[in-house]
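A.B. asks: Have a look at the structure that comes next, please.
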Amino acid sequence: MIEFKNVSKTFRLGKREVHAVKNVSLKVNAGEIFGMIGFSGAGKSTLLRLVNMLERPSKGSVFIQDIDVNSLSSKELRTRRRNIGMIFQNFNLFHSRSVAGNIAYPLKLAGLSKSEINTRVNELLSFVGLSDKAKDYPSQLSGGQKQRVGIARALATSPDILICDEATSALDPETTGEILRLLKKVNKEFGITILLITHEMHVIQSICQRVAVMEDGVVIESGDVFDVFTEPQHLTSQRFIQSVQQDLPSPRILEEWRARGGNGFYRVIFKGEITNEAVLSHITQKHKVHFNIVYGSIRELQERLFGDLVISFEGDPVAIQHAIAELETIVDIKEVAKHEG
Ligand SMILES: Nc1ncnc2c1ncn2[C@@H]1O[C@H](COP(=O)(O)OP(=O)(O)OP(=O)(O)O)[C@@H](O)[C@H]1O
């Protein structure tokens, strides 16, 4: 659907060159919700501008639905751009037009008749839950309602791709949840491929199936959200994930526990079905040792279970080592190092 092949984008600022995107190769599949996360300046917006064809790559190729964007004329680019809807952090609505007028705008440009426009606008208003606001103006709406209008307008010409540029960053947590649920509905009901950029990991966690983590123009990690969340390879990915889940107690708490003695702490990660099995209790009973769960959670992520627990053991030290050795064959278990937490 969208493919970057060895894409670089360099801007020239006088004599200085800014390498905004460096050799990125990435594929967004048709029908998926793909998230791109990175801190400010990582190159996310530049990648989006390459997708909606507002920028051309300095090196490499961008394919949209198997067509190399570089091969298109300016006229073809304009036509193809209509196939890509876009929503923004600050909504970008026309303040002098009513809600219905905003949604009708792209339909007018596309040359639809008045009655066709009315029918389509009413359909879209109903889809985003704003049928009673058709005649209101953007200044009369809340942030969440404005973004609903933005979504309706982006969907008006039935695009195949919807790009969301920090679409929930200006909204409170509850409204963010409503907008993310609406985007999920857009993806499910219309099969629209969604590419979203954000600096908020909870957005990725809530609706994306796959994610790419960007830093300094480079995609440092990409894959299924479940895999990146459960086994982040890169320090920056780990920092993003820690912003939504604190997987270890603070060093102070760990220190207090250690001061009370014991055989150390172990972090145990369970994935998928294995969380349903009483792995810990079976193995510890077999080796006649006890375990205490001192910290952690079992959560659902992308419709799969993921357990992240910190445990301590009680019993004969040799038996504990045997229990740990057996657990290692089934789950990911590591001693929590003194400096962690
Ligand atoms: N038109 C431009 N001319 C010169 N430099 C640019 C241009 N657009 C982006 N850059 C630079 O490229 C780098 C990447 O910027 P980009 O906006 O893509 O990052 P971002 O991850 O989207 O950050 P933010 O979330 O702050 O928008 C930055 O150093 C930025 O200053």
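Letters for chains follow the order of the structure tokens (A, B, ...), residue numbers begin at 1 for each chain, and ligand numbers begin at 1 in the order shown.
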Leaving out segment 56-68 of chain A and any residue of its chain fewer than 6 positions from it, which residues lie within 10 Å of it when counting only C-alpha atoms, given as a list in words?
C.D. replies: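 Neighbouring residues, sequence-local ones excluded: Met1, Ile2, Glu3, Phe4, Lys5, Asn6, Val7, Ser8, Lys9, Thr10, Phe11, His19, Val21, Lys22, Asn23, Val24, Ser25, Leu26, Lys27, Val28, Asn29, Ala30, Thr46, Leu47, Arg49, Leu50, Arg80, Asp160 and Ile161 of chain A.
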A.B. asks: Could the residues that lie within 6 Å of ligand 1, counting only C-alpha atoms and all ligand atoms, be listed as a PDB file with C-alpha atoms, in the first residue's frame?
C.D. replies:
```
ATOM      1  CA  PHE A  11      16.956  19.928   3.239  1.00  0.00           C
ATOM      2  CA  LEU A  13      19.495  25.623   4.775  1.00  0.00           C
ATOM      3  CA  VAL A  18      19.622  18.855   7.326  1.00  0.00           C
ATOM      4  CA  ALA A  20      15.600  14.834   8.038  1.00  0.00           C
ATOM      5  CA  GLY A  38       9.468   9.562  17.737  1.00  0.00           C
ATOM      6  CA  PHE A  39      10.500  12.601  19.702  1.00  0.00           C
ATOM      7  CA  SER A  40      10.281  16.067  18.176  1.00  0.00           C
ATOM      8  CA  GLY A  41      12.628  16.450  15.196  1.00  0.00           C
ATOM      9  CA  ALA A  42      12.880  12.688  14.570  1.00  0.00           C
ATOM     10  CA  GLY A  43      11.653  13.102  10.983  1.00  0.00           C
ATOM     11  CA  LYS A  44       8.041  11.908  11.290  1.00  0.00           C
ATOM     12  CA  SER A  45       6.383  14.893   9.588  1.00  0.00           C
ATOM     13  CA  THR A  46       8.878  14.725   6.750  1.00  0.00           C
TER      14      THR A  46
END
```
A.B. asks: Hey, what's within 12 Å of segment 243-256 of chain A if we count only C-alpha atoms and toss same-chain stuff fewer than 4 positions away? As a PyMOL selection string, please?
C.D. replies: chain A and resi 199-206+229-230+236-239+260-262+264-269+294-299+301+306-312+335-341
A.B. asks: Keeping only N, CA and C atoms, take the residues you just selected and write them out as a tab-separated table (two decimals), in the first residue's frame.
C.D. replies:
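Result file result.tsv:
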```
chain	number	residue	atom	x	y	z
A	199	HIS	N	3.78	11.33	19.29
A	199	HIS	CA	4.90	11.17	20.22
A	199	HIS	C	4.37	10.51	21.49
A	200	GLU	N	3.09	10.01	21.42
A	200	GLU	CA	2.47	9.43	22.60
A	200	GLU	C	2.30	7.92	22.44
A	201	MET	N	2.96	7.18	23.30
A	201	MET	CA	2.96	5.72	23.16
A	201	MET	C	1.57	5.13	23.41
A	202	HIS	N	0.75	5.78	24.25
A	202	HIS	CA	-0.57	5.19	24.53
A	202	HIS	C	-1.45	5.18	23.28
A	203	VAL	N	-1.20	6.13	22.36
A	203	VAL	CA	-1.96	6.16	21.10
A	203	VAL	C	-1.61	4.91	20.28
A	204	ILE	N	-0.32	4.62	20.20
A	204	ILE	CA	0.16	3.44	19.46
A	204	ILE	C	-0.43	2.18	20.11
A	205	GLN	N	-0.35	2.14	21.44
A	205	GLN	CA	-0.82	0.98	22.18
A	205	GLN	C	-2.31	0.74	21.96
A	206	SER	N	-3.09	1.85	21.86
A	206	SER	CA	-4.54	1.72	21.76
A	206	SER	C	-4.99	1.20	20.40
A	229	PHE	N	6.43	-3.82	22.08
A	229	PHE	CA	6.12	-3.53	23.48
A	229	PHE	C	6.72	-4.55	24.43
A	230	THR	N	6.69	-5.81	24.02
A	230	THR	CA	7.12	-6.84	24.97
A	230	THR	C	8.64	-7.06	24.92
A	236	THR	N	15.56	3.96	23.06
A	236	THR	CA	14.51	4.96	22.85
A	236	THR	C	13.13	4.31	22.87
A	237	SER	N	13.02	3.12	22.27
A	237	SER	CA	11.73	2.41	22.31
A	237	SER	C	11.39	2.08	23.76
A	238	GLN	N	12.39	1.66	24.53
A	238	GLN	CA	12.14	1.33	25.94
A	238	GLN	C	11.64	2.57	26.69
A	239	ARG	N	12.19	3.72	26.37
A	239	ARG	CA	11.76	4.95	27.05
A	239	ARG	C	10.31	5.28	26.71
A	260	ARG	N	15.50	-5.89	53.49
A	260	ARG	CA	14.78	-6.85	54.34
A	260	ARG	C	15.25	-8.28	54.09
A	261	GLY	N	16.22	-8.42	53.20
A	261	GLY	CA	16.78	-9.76	52.94
A	261	GLY	C	16.04	-10.45	51.81
A	262	GLY	N	16.34	-11.70	51.61
A	262	GLY	CA	15.69	-12.46	50.55
A	262	GLY	C	16.68	-12.90	49.50
A	264	GLY	N	16.83	-12.13	46.28
A	264	GLY	CA	16.85	-11.32	45.06
A	264	GLY	C	15.49	-11.29	44.40
A	265	PHE	N	15.40	-10.48	43.37
A	265	PHE	CA	14.12	-10.33	42.66
A	265	PHE	C	14.30	-10.74	41.21
A	266	TYR	N	13.26	-11.29	40.66
A	266	TYR	CA	13.31	-11.77	39.27
A	266	TYR	C	12.15	-11.17	38.49
A	267	ARG	N	12.45	-10.78	37.28
A	267	ARG	CA	11.40	-10.25	36.42
A	267	ARG	C	10.99	-11.37	35.47
A	268	VAL	N	9.69	-11.64	35.44
A	268	VAL	CA	9.19	-12.73	34.62
A	268	VAL	C	8.23	-12.16	33.58
A	269	ILE	N	8.49	-12.48	32.31
A	269	ILE	CA	7.61	-12.01	31.23
A	269	ILE	C	6.88	-13.20	30.63
A	294	VAL	N	5.68	-9.46	43.82
A	294	VAL	CA	5.83	-8.19	44.54
A	294	VAL	C	5.47	-6.97	43.71
A	295	TYR	N	5.36	-7.17	42.41
A	295	TYR	CA	5.09	-6.02	41.53
A	295	TYR	C	4.68	-6.53	40.17
A	296	GLY	N	3.94	-5.72	39.41
A	296	GLY	CA	3.70	-6.08	38.00
A	296	GLY	C	2.24	-6.14	37.62
A	297	SER	N	2.01	-6.63	36.42
A	297	SER	CA	0.64	-6.66	35.90
A	297	SER	C	0.51	-7.71	34.80
A	298	ILE	N	-0.74	-8.07	34.55
A	298	ILE	CA	-1.05	-8.88	33.36
A	298	ILE	C	-2.06	-8.06	32.58
A	299	ARG	N	-1.72	-7.76	31.32
A	299	ARG	CA	-2.55	-6.85	30.55
A	299	ARG	C	-2.87	-7.44	29.19
A	301	LEU	N	-2.87	-6.70	25.22
A	301	LEU	CA	-2.21	-5.84	24.23
A	301	LEU	C	-2.47	-6.47	22.88
A	306	PHE	N	-0.30	-10.32	28.12
A	306	PHE	CA	1.12	-10.03	28.34
A	306	PHE	C	1.31	-9.79	29.84
A	307	GLY	N	2.07	-10.66	30.48
A	307	GLY	CA	2.30	-10.53	31.91
A	307	GLY	C	3.73	-10.08	32.17
A	308	ASP	N	3.89	-9.14	33.08
A	308	ASP	CA	5.22	-8.62	33.41
A	308	ASP	C	5.25	-8.52	34.94
A	309	LEU	N	5.87	-9.52	35.58
A	309	LEU	CA	5.81	-9.60	37.03
A	309	LEU	C	7.21	-9.58	37.65
A	310	VAL	N	7.30	-8.97	38.83
A	310	VAL	CA	8.55	-9.08	39.60
A	310	VAL	C	8.23	-10.00	40.78
A	311	ILE	N	9.04	-11.07	40.93
A	311	ILE	CA	8.76	-12.04	41.99
A	311	ILE	C	10.00	-12.27	42.85
A	312	SER	N	9.76	-12.76	44.06
A	312	SER	CA	10.89	-13.20	44.89
A	312	SER	C	10.59	-14.65	45.30
A	335	GLU	N	17.11	-11.96	36.59
A	335	GLU	CA	17.25	-11.32	37.90
A	335	GLU	C	17.26	-9.80	37.71
A	336	VAL	N	16.56	-9.09	38.60
A	336	VAL	CA	16.55	-7.63	38.53
A	336	VAL	C	17.89	-7.15	39.09
A	337	ALA	N	18.68	-6.49	38.25
A	337	ALA	CA	20.01	-6.03	38.68
A	337	ALA	C	19.86	-4.91	39.70
A	338	LYS	N	20.90	-4.75	40.52
A	338	LYS	CA	20.83	-3.77	41.62
A	338	LYS	C	20.56	-2.34	41.14
A	339	HIS	N	21.11	-2.00	39.96
A	339	HIS	CA	20.96	-0.61	39.50
A	339	HIS	C	19.62	-0.37	38.80
A	340	GLU	N	18.80	-1.44	38.58
A	340	GLU	CA	17.54	-1.25	37.83
A	340	GLU	C	16.47	-0.67	38.74
A	341	GLY	N	15.34	-0.40	38.12
A	341	GLY	CA	14.19	0.10	38.87
A	341	GLY	C	13.96	1.54	38.55
```
A.B. asks: Going by DSSP on the backbone, which residues of segment 143-329 of chain A come out as helix (DSSP H, G or I)? List them as JSON, numbers by chain.
C.D. replies: {"A": [143, 144, 145, 146, 147, 148, 149, 150, 151, 152, 153, 154, 155, 173, 174, 175, 176, 177, 178, 179, 180, 181, 182, 183, 184, 185, 186, 187, 188, 189, 190, 201, 202, 203, 204, 205, 206, 207, 225, 226, 227, 228, 229, 230, 235, 236, 237, 238, 239, 240, 241, 242, 251, 252, 253, 254, 255, 256, 257, 258, 259, 272, 273, 274, 275, 276, 279, 280, 281, 282, 283, 284, 285, 286, 317, 318, 319, 320, 321, 322, 323, 324, 325, 326, 327, 328]}
A.B. asks: Mind pulling up the distance from atom CA of His322 of chain A to atom CA of Ile283 of chain A?
C.D. replies: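 Answer for the atom CA of Ile283 of chain A to atom CA of His322 of chain A separation: 9.4 Å.
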A.B. asks: Can you list, as a ChimeraX atom specification, every protein, DNA or RNA residue that comes within 6 Å of segment 209-212 of chain A when you count only C-alpha atoms, leaving out same-chain residues fewer than 3 positions away?
C.D. replies: /A:33-36,221-225
A.B. asks: Write down as a PyMOL selection string the residues belonging to segment 136-280 of chain A that are assigned strand (DSSP E or B) by DSSP computed on the backbone.
C.D. replies: chain A and resi 161-165+193-198+210-215+218-224+265-271
A.B. asks: The selected residues should be written to file as a CSV table (one decimal), in the first residue's frame (atoms: N, CA and C atoms).
C.D. replies:
```
chain,number,residue,atom,x,y,z
A,161,ILE,N,-6.4,5.9,2.0
A,161,ILE,CA,-5.4,6.1,3.0
A,161,ILE,C,-5.8,7.3,3.9
A,162,LEU,N,-5.7,7.2,5.2
A,162,LEU,CA,-6.0,8.3,6.1
A,162,LEU,C,-4.7,8.6,6.9
A,163,ILE,N,-4.2,9.8,6.8
A,163,ILE,CA,-3.0,10.2,7.5
A,163,ILE,C,-3.4,11.0,8.7
A,164,CYS,N,-2.9,10.6,9.9
A,164,CYS,CA,-3.2,11.4,11.1
A,164,CYS,C,-2.0,12.0,11.7
A,165,ASP,N,-1.9,13.3,11.6
A,165,ASP,CA,-0.7,14.0,12.1
A,165,ASP,C,-0.9,14.5,13.5
A,193,THR,N,-6.6,2.3,5.2
A,193,THR,CA,-5.3,2.2,5.8
A,193,THR,C,-5.0,3.4,6.5
A,194,ILE,N,-4.6,3.3,7.8
A,194,ILE,CA,-4.3,4.5,8.6
A,194,ILE,C,-2.8,4.6,8.9
A,195,LEU,N,-2.3,5.7,8.6
A,195,LEU,CA,-0.9,6.0,9.0
A,195,LEU,C,-0.9,7.1,10.0
A,196,LEU,N,-0.5,6.9,11.2
A,196,LEU,CA,-0.5,8.0,12.1
A,196,LEU,C,0.8,8.2,12.7
A,197,ILE,N,1.1,9.5,13.0
A,197,ILE,CA,2.3,9.8,13.7
A,197,ILE,C,2.0,10.5,15.0
A,198,THR,N,2.8,10.2,16.0
A,198,THR,CA,2.5,10.6,17.4
A,198,THR,C,3.8,10.6,18.2
A,210,ARG,N,0.9,-2.2,13.9
A,210,ARG,CA,2.4,-2.2,13.8
A,210,ARG,C,2.9,-0.8,14.0
A,211,VAL,N,4.2,-0.7,14.4
A,211,VAL,CA,4.8,0.6,14.7
A,211,VAL,C,6.2,0.7,14.2
A,212,ALA,N,6.6,1.9,13.9
A,212,ALA,CA,8.0,2.2,13.6
A,212,ALA,C,8.5,3.3,14.6
A,213,VAL,N,9.6,3.0,15.2
A,213,VAL,CA,10.2,4.0,16.1
A,213,VAL,C,11.3,4.8,15.4
A,214,MET,N,11.1,6.1,15.3
A,214,MET,CA,12.1,7.0,14.6
A,214,MET,C,12.9,7.8,15.6
A,215,GLU,N,14.2,7.9,15.2
A,215,GLU,CA,15.1,8.8,16.0
A,215,GLU,C,16.1,9.4,15.0
A,218,VAL,N,16.1,8.2,11.4
A,218,VAL,CA,16.3,6.8,11.1
A,218,VAL,C,15.2,6.0,11.8
A,219,VAL,N,14.7,4.9,11.1
A,219,VAL,CA,13.8,4.0,11.8
A,219,VAL,C,14.6,3.1,12.6
A,220,ILE,N,14.6,3.2,13.9
A,220,ILE,CA,15.5,2.4,14.7
A,220,ILE,C,14.9,1.0,15.1
A,221,GLU,N,13.6,0.9,14.9
A,221,GLU,CA,12.9,-0.3,15.3
A,221,GLU,C,11.5,-0.3,14.7
A,222,SER,N,11.1,-1.5,14.1
A,222,SER,CA,9.7,-1.5,13.7
A,222,SER,C,9.2,-3.0,13.8
A,223,GLY,N,7.9,-3.1,13.9
A,223,GLY,CA,7.4,-4.5,14.0
A,223,GLY,C,6.0,-4.4,14.5
A,224,ASP,N,5.4,-5.6,14.9
A,224,ASP,CA,4.1,-5.7,15.5
A,224,ASP,C,4.2,-4.9,16.9
A,265,PHE,N,15.4,-10.5,43.4
A,265,PHE,CA,14.1,-10.3,42.7
A,265,PHE,C,14.3,-10.7,41.2
A,266,TYR,N,13.3,-11.3,40.7
A,266,TYR,CA,13.3,-11.8,39.3
A,266,TYR,C,12.1,-11.2,38.5
A,267,ARG,N,12.5,-10.8,37.3
A,267,ARG,CA,11.4,-10.3,36.4
A,267,ARG,C,11.0,-11.4,35.5
A,268,VAL,N,9.7,-11.6,35.4
A,268,VAL,CA,9.2,-12.7,34.6
A,268,VAL,C,8.2,-12.2,33.6
A,269,ILE,N,8.5,-12.5,32.3
A,269,ILE,CA,7.6,-12.0,31.2
A,269,ILE,C,6.9,-13.2,30.6
A,270,PHE,N,5.6,-13.1,30.6
A,270,PHE,CA,4.7,-14.1,30.0
A,270,PHE,C,4.1,-13.6,28.7
A,271,LYS,N,3.9,-14.4,27.7
A,271,LYS,CA,3.2,-13.9,26.5
A,271,LYS,C,2.2,-14.8,26.1
```
A.B. asks: To one decimal place in Å, what is the distance between atom CA of Glu174 of chain A and atom CA of Lys135 of chain A?
C.D. replies: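 So the two atoms, atom CA of Glu174 of chain A and atom CA of Lys135 of chain A, lie 25.4 Å apart.
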A.B. asks: Ile324 of chain A: which residues within 10 Å, counting only C-alpha atoms, same-chain residues fewer than 6 positions away excluded, as a list in words?
C.D. replies: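 Once the nearby chain positions are removed, what remains is Tyr266, Leu280, Ile283, Thr284, His287, Phe313, Val318, Val331, Ile333, Lys334 and Glu335 of chain A.
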A.B. asks: Can I get the selected residues back with N, CA and C atoms, as a tab-separated table (two decimals), in the first residue's frame?
C.D. replies:
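Produced file selection06.tsv, reproduced below:
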```
chain	number	residue	atom	x	y	z
A	266	TYR	N	13.26	-11.29	40.66
A	266	TYR	CA	13.31	-11.77	39.27
A	266	TYR	C	12.15	-11.17	38.49
A	280	LEU	N	3.99	-20.66	37.15
A	280	LEU	CA	4.78	-20.36	38.34
A	280	LEU	C	4.45	-21.31	39.48
A	283	ILE	N	5.66	-25.06	38.83
A	283	ILE	CA	7.10	-25.31	38.91
A	283	ILE	C	7.64	-25.09	40.32
A	284	THR	N	7.13	-24.05	40.98
A	284	THR	CA	7.64	-23.82	42.34
A	284	THR	C	7.20	-24.94	43.29
A	287	HIS	N	9.41	-27.96	42.90
A	287	HIS	CA	10.73	-27.84	43.52
A	287	HIS	C	10.65	-27.46	45.01
A	313	PHE	N	11.63	-15.38	45.64
A	313	PHE	CA	11.45	-16.79	46.02
A	313	PHE	C	11.80	-16.98	47.48
A	318	VAL	N	19.32	-23.97	46.60
A	318	VAL	CA	19.58	-24.88	45.47
A	318	VAL	C	18.27	-25.19	44.74
A	331	VAL	N	9.43	-19.41	30.21
A	331	VAL	CA	9.17	-17.97	30.17
A	331	VAL	C	10.48	-17.21	30.17
A	333	ILE	N	12.80	-15.07	32.11
A	333	ILE	CA	13.02	-14.71	33.52
A	333	ILE	C	14.45	-14.22	33.71
A	334	LYS	N	14.56	-13.05	34.37
A	334	LYS	CA	15.89	-12.45	34.57
A	334	LYS	C	15.95	-11.85	35.96
A	335	GLU	N	17.11	-11.96	36.59
A	335	GLU	CA	17.25	-11.32	37.90
A	335	GLU	C	17.26	-9.80	37.71
```
A.B. asks: Please measure the separation of atom CA of Ile87 of chain A and atom CA of Asp132 of chain A, giving the value in Å to one decimal.
C.D. replies: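 Pair atom CA of Ile87 of chain A / atom CA of Asp132 of chain A returns 21.8 Å.
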A.B. asks: I'd like the neighbourhood of Leu107 of chain A as a list of chain:residue names, where a residue qualifies if any of its atoms comes within 7 Å (using only C-alpha atoms), though same-chain residues fewer than 2 positions away should be ignored.
C.D. replies: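 Contacts, in chain order: A:Ala104, A:Tyr105, A:Leu109, A:Ala110, A:Gly111, A:Leu112, A:Ile117, A:Ala156, A:Thr157.
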A.B. asks: Please provide the set of residues having any atom within 12 Å of Glu189 of chain A, restricted to only C-alpha atoms, with same-chain residues fewer than 4 positions apart removed, written as a list in words.
C.D. replies: Gly31, Phe127, Ser158, Leu182, Leu183, Lys184, Lys185 and Thr193 of chain A
